[in-house]
Amino acid sequence: MAKQTISISVSGLRKSYKNKEVLKDVNFTVPSGTIYALLGSNGAGKTTIVKILSTLLKPDGGKISINDFDVVYQEELVRRCISLTGQFTAVDEVLTGRENLNLIGQLIRLPDVKRKTEGWLSFFDLQDAAAQRVSTYSGGMRRRLDIAMSLMVQPQVLFLDEPTTGLDPQNRIIMWELVKNLAKQGTTVLLTTQYLEEAEYLADNVAILHNGEILIEGTPQYLKEIIPGRGAQLNFQTEKQAENAMELLTKEGISVESIEPNLPSLEDVFLTLIKENKEAI
Amino acid sequence: MFKVKTSIISDSWIMFKRCLLISLRNPEALLVATIVPFLLMFLFGTVFGKIANVENLNYIDFIVPGIILQSIGQSSQYSAMNVASDMTKGINDRFRSMSISKTAILFGHAGAGVVRNTVSTIMIIGTAFLLGFRPKGSFADWIVVVGLLIFVNIAISLLAVMCGLLSKTVEGSSGLMLPLFILPFISSGFVPVDSMNHGMKWFAEIQPMTPIIDSFRALTLDLPLNNSLWIAFAWCLGITIAAYIFSIQIYKRRIS
């Protein structure tokens, strides 16, 4: 296998606000074209890391480089290969969706801005609202426009700070597919999230950040294996089958702790109903 | 990726168009900035105009320059508010993480401010004619007047950008611009400086509004100009340079 190039390299990163140490010695690397998830609760330091990597904030110490450019000394070169979707939507509320995208395209001198704008508008299902001011948009629409603006830049490295916060389950799944596809096409993605299933589904590597330190890092599979097993689970089509199986197992001397019906999650219910409704139309 | 290096001129131009578009979306702002000075002019001209016989001039003719400065001050509030709003919203983080000239956004706001102020100045001069403003200046005089007004415009727009950067909130920034509405009252704008008491007179004579107003009045009403025009230009130049330097310093400190 060819040697993988490193897109994001962070070593010895430290940052304090006044006397509060927010990041203490954070180290990680992200190979090109992979998805890296920073998982952590509120206040763990995720956003601070993203801000430092995207040149918005200066680190107190450590060496951080994006595509081999130093974020402190070569910030202009770093900015040329990154794009940021922050926790708070970075859209202009007074302008329309289309104007927002055009503005970004013009600022980076993108060739063929108009066509690309229309492309992203339709990709994110925003054509109908394209001529309306963003102040009339719903939270999900803003988020989609925000991400479209980030992608307009065609970044090599994409930072997504809690990208699915405020999205409904449907749009969350669309977003997940999009992120996966971007990585497949070679974009390096660093995302932060509070949702464990998001990190598990998307990320090639996950780091758990707590109080400014990375507690553990690895593939989702690896992280699951290091905690001692919590028993095994058998699934059956019907409850009747499960009861029969339990009888058999008990006869063989294998104890069964409990038996529970597999109820659908509310998300399953929501998605099934939405799907049925769409098919009905 | 597509751009080899940032260009302050073209980035500022794009930002200028954006800021102008934002102004167009909020025409009420321009209307308010014009209506308040217009109402003042109407009230002063009709109610006090009959009794106030200042230096043998028609009172409307006398107060037009003061009213124009007030309207520029009023409409500049919106520059300050727009800057403050950009600074507090996420869009600025996006601009900052992109490879574009850092100060382009400030130039964009200042430029849009100049355009907005020019529109409100034209509207004020137009309505002044309706209320009986009858200037006597020659064509050459008017060219100097327009030049002076443009210069005043640039100075005040940059001042507005600075106020927008200084305040933490949008509301605060419009408060910082309030002195620009008050200062013409304590100048030669509405009463002759000689009629003021000692302290007021001292202040009115040293503050920048007085030479600007005196120059406008002398040029449009064919009065002796003295050296007020040079003092006015010097003030504008000083304010422009100071506001420019301070704005960039404050901006760099705020974003680092």
# chains A, B, ... in the order shown; residues from 1 in each chain; ligands from 1
>>> interface_residues(of="chain B", to="chain A", cutoff="7 Å", atoms="only C-alpha atoms", output="list in words")
Met1, Phe2, Lys3, Asp11, Ile14, Ile22, Gly90, Ile91, Asp93, Arg94, Arg96, Ser97, Met98, Ser99, Ile100 and Ser256 of chain B
>>> write_last_selection(atoms="C-alpha atoms", output="CSV table (one decimal), in the first residue's frame")
chain,number,residue,atom,x,y,z
B,1,MET,CA,-6.8,27.4,-4.7
B,2,PHE,CA,-8.1,29.4,-7.7
B,3,LYS,CA,-6.6,32.6,-6.6
B,11,ASP,CA,-12.0,42.0,-2.6
B,14,ILE,CA,-16.9,42.6,-4.0
B,22,ILE,CA,-27.6,45.1,2.2
B,90,GLY,CA,-20.9,34.1,12.0
B,91,ILE,CA,-20.4,35.4,8.5
B,93,ASP,CA,-15.7,33.9,10.8
B,94,ARG,CA,-16.3,32.6,7.3
B,96,ARG,CA,-11.7,35.3,8.1
B,97,SER,CA,-11.1,31.7,7.4
B,98,MET,CA,-11.1,32.4,3.6
B,99,SER,CA,-8.1,33.6,1.6
B,100,ILE,CA,-9.3,37.1,1.1
B,256,SER,CA,-6.7,38.2,16.6
>>> select_by_dssp(residues="stretch 23-221 of chain A", states="helix (DSSP H, G or I)", output="PyMOL selection string")
chain A and resi 46-53+75-81+97-107+113-123+127-129+134-136+139-152+169-184+196-202+220-221
>>> write_last_selection(atoms="C-alpha atoms", output="mmCIF file, in the first residue's frame")
data_model
loop_
_atom_site.group_PDB
_atom_site.id
_atom_site.type_symbol
_atom_site.label_atom_id
_atom_site.label_comp_id
_atom_site.auth_asym_id
_atom_site.auth_seq_id
_atom_site.Cartn_x
_atom_site.Cartn_y
_atom_site.Cartn_z
ATOM 1 C CA LYS A 46 -13.722 20.698 20.278
ATOM 2 C CA THR A 47 -14.630 24.114 18.906
ATOM 3 C CA THR A 48 -11.349 25.598 20.135
ATOM 4 C CA ILE A 49 -9.439 22.980 18.156
ATOM 5 C CA VAL A 50 -11.467 23.707 15.022
ATOM 6 C CA LYS A 51 -10.947 27.455 15.425
ATOM 7 C CA ILE A 52 -7.200 27.021 15.765
ATOM 8 C CA LEU A 53 -6.986 24.682 12.775
ATOM 9 C CA GLU A 75 -2.068 31.150 7.516
ATOM 10 C CA GLU A 76 -2.751 32.557 4.067
ATOM 11 C CA LEU A 77 -1.648 29.302 2.421
ATOM 12 C CA VAL A 78 -3.673 27.312 4.949
ATOM 13 C CA ARG A 79 -6.791 29.357 4.194
ATOM 14 C CA ARG A 80 -6.472 28.473 0.541
ATOM 15 C CA CYS A 81 -6.958 24.780 1.172
ATOM 16 C CA GLY A 97 -29.425 32.071 -0.583
ATOM 17 C CA ARG A 98 -28.274 32.547 -4.157
ATOM 18 C CA GLU A 99 -26.514 35.825 -3.350
ATOM 19 C CA ASN A 100 -24.719 34.181 -0.439
ATOM 20 C CA LEU A 101 -23.298 31.464 -2.674
ATOM 21 C CA ASN A 102 -22.407 33.919 -5.444
ATOM 22 C CA LEU A 103 -20.602 36.124 -2.936
ATOM 23 C CA ILE A 104 -18.371 33.281 -1.809
ATOM 24 C CA GLY A 105 -17.704 32.230 -5.404
ATOM 25 C CA GLN A 106 -16.745 35.773 -6.386
ATOM 26 C CA LEU A 107 -14.477 36.221 -3.385
ATOM 27 C CA VAL A 113 -19.748 30.936 -10.316
ATOM 28 C CA LYS A 114 -23.364 31.091 -11.493
ATOM 29 C CA ARG A 115 -23.491 27.487 -12.660
ATOM 30 C CA LYS A 116 -21.844 26.214 -9.490
ATOM 31 C CA THR A 117 -24.245 28.227 -7.353
ATOM 32 C CA GLU A 118 -27.225 26.674 -9.102
ATOM 33 C CA GLY A 119 -25.628 23.261 -8.760
ATOM 34 C CA TRP A 120 -25.289 23.528 -4.985
ATOM 35 C CA LEU A 121 -28.735 25.078 -4.622
ATOM 36 C CA SER A 122 -30.328 22.103 -6.284
ATOM 37 C CA PHE A 123 -28.073 19.621 -4.507
ATOM 38 C CA GLN A 127 -33.788 26.182 -5.429
ATOM 39 C CA ASP A 128 -37.296 27.154 -4.348
ATOM 40 C CA ALA A 129 -35.973 29.404 -1.603
ATOM 41 C CA VAL A 134 -31.930 33.884 4.445
ATOM 42 C CA SER A 135 -33.681 35.490 7.423
ATOM 43 C CA THR A 136 -36.842 33.662 6.285
ATOM 44 C CA GLY A 139 -32.783 26.243 10.850
ATOM 45 C CA GLY A 140 -32.192 23.238 8.603
ATOM 46 C CA MET A 141 -32.215 25.349 5.439
ATOM 47 C CA ARG A 142 -29.657 27.722 6.936
ATOM 48 C CA ARG A 143 -27.443 24.822 7.888
ATOM 49 C CA ARG A 144 -27.643 23.390 4.368
ATOM 50 C CA LEU A 145 -26.836 26.758 2.819
ATOM 51 C CA ASP A 146 -23.973 27.138 5.270
ATOM 52 C CA ILE A 147 -22.477 23.839 4.188
ATOM 53 C CA ALA A 148 -23.092 24.639 0.519
ATOM 54 C CA MET A 149 -21.085 27.841 1.034
ATOM 55 C CA SER A 150 -18.256 25.818 2.524
ATOM 56 C CA LEU A 151 -18.285 23.385 -0.378
ATOM 57 C CA MET A 152 -18.412 26.161 -2.971
ATOM 58 C CA PRO A 169 -33.085 12.922 10.872
ATOM 59 C CA GLN A 170 -33.717 12.974 7.123
ATOM 60 C CA ASN A 171 -31.307 15.816 6.484
ATOM 61 C CA ARG A 172 -28.839 14.293 8.887
ATOM 62 C CA ILE A 173 -28.685 11.173 6.757
ATOM 63 C CA ILE A 174 -28.297 13.270 3.583
ATOM 64 C CA MET A 175 -25.452 15.119 5.296
ATOM 65 C CA TRP A 176 -23.784 11.876 6.327
ATOM 66 C CA GLU A 177 -23.871 10.549 2.782
ATOM 67 C CA LEU A 178 -22.458 13.834 1.517
ATOM 68 C CA VAL A 179 -19.563 13.754 3.962
ATOM 69 C CA LYS A 180 -18.801 10.134 3.060
ATOM 70 C CA ASN A 181 -18.800 11.004 -0.641
ATOM 71 C CA LEU A 182 -16.545 13.988 -0.127
ATOM 72 C CA ALA A 183 -14.015 11.801 1.637
ATOM 73 C CA LYS A 184 -14.255 9.238 -1.139
ATOM 74 C CA LEU A 196 -21.821 8.868 19.220
ATOM 75 C CA GLU A 197 -23.658 7.213 16.360
ATOM 76 C CA GLU A 198 -22.542 9.984 14.024
ATOM 77 C CA ALA A 199 -18.887 9.381 14.855
ATOM 78 C CA GLU A 200 -19.395 5.652 14.577
ATOM 79 C CA TYR A 201 -21.109 5.834 11.200
ATOM 80 C CA LEU A 202 -18.867 8.402 9.540
ATOM 81 C CA PRO A 220 -14.655 3.092 15.973
ATOM 82 C CA GLN A 221 -14.190 -0.698 16.015
#
>>> residues_around(residues="B:Gly66", least_positions_apart="5", cutoff="12 Å", atoms="only C-alpha atoms", output="ChimeraX atom specification")
/B:37-38,40-41,44,59-61,71-73,121,124-125,128,180-192,208-217
>>> residues_around(residues="B:Pro27", least_positions_apart="4", cutoff="12 Å", atoms="only C-alpha atoms", output="VMD selection string")
chain B and resid 20 to 23 31 to 34 75 78 116 119 to 120
>>> residues_around(residues="B:Val170", least_positions_apart="3", cutoff="6 Å", atoms="only C-alpha atoms", output="tab-separated table (two decimals) with N, CA and C atoms, in the first residue's frame")
chain	number	residue	atom	x	y	z
B	81	MET	N	-23.87	50.46	12.34
B	81	MET	CA	-24.66	49.30	12.75
B	81	MET	C	-24.35	48.08	11.90
B	84	ALA	N	-21.03	46.67	13.01
B	84	ALA	CA	-21.17	46.00	14.31
B	84	ALA	C	-21.90	44.67	14.14
B	85	SER	N	-22.90	44.65	13.26
B	85	SER	CA	-23.65	43.42	13.04
B	85	SER	C	-22.78	42.34	12.39
B	173	SER	N	-23.46	50.75	18.75
B	173	SER	CA	-22.77	51.47	17.69
B	173	SER	C	-23.58	52.67	17.23
>>> atom_distance(atom1="atom CA of B:Ala232", atom2="atom CA of B:Asn197")
23.4 Å
>>> residues_around(residues="A:Ile8", least_positions_apart="2", cutoff="6 Å", atoms="only C-alpha atoms", output="number ranges by chain")
A: 6, 29-30, 65-66
>>> write_last_selection(atoms="N, CA and C atoms", output="mmCIF file, in the first residue's frame")
data_model
loop_
_atom_site.group_PDB
_atom_site.id
_atom_site.type_symbol
_atom_site.label_atom_id
_atom_site.label_comp_id
_atom_site.auth_asym_id
_atom_site.auth_seq_id
_atom_site.Cartn_x
_atom_site.Cartn_y
_atom_site.Cartn_z
ATOM 1 N N ILE A 6 -0.273 12.920 5.007
ATOM 2 C CA ILE A 6 -0.955 13.466 6.181
ATOM 3 C C ILE A 6 -1.515 14.837 5.829
ATOM 4 N N THR A 29 -3.088 13.110 14.122
ATOM 5 C CA THR A 29 -2.860 13.341 12.696
ATOM 6 C C THR A 29 -4.029 12.760 11.920
ATOM 7 N N VAL A 30 -4.314 13.385 10.787
ATOM 8 C CA VAL A 30 -5.400 12.902 9.935
ATOM 9 C C VAL A 30 -4.849 12.672 8.534
ATOM 10 N N SER A 65 -0.044 21.796 11.457
ATOM 11 C CA SER A 65 0.035 22.095 10.029
ATOM 12 C C SER A 65 -1.093 21.422 9.264
ATOM 13 N N ILE A 66 -1.527 22.119 8.209
ATOM 14 C CA ILE A 66 -2.567 21.634 7.311
ATOM 15 C C ILE A 66 -1.893 21.518 5.940
#
>>> atom_distance(atom1="atom CA of A:Asn244", atom2="atom CA of A:Leu263")
19.4 Å
>>> residues_around(residues="A:Gln237", least_positions_apart="6", cutoff="12 Å", atoms="only C-alpha atoms", output="list in words")
Glu243, Ala245, Pro261, Asn262 and Leu263 of chain A
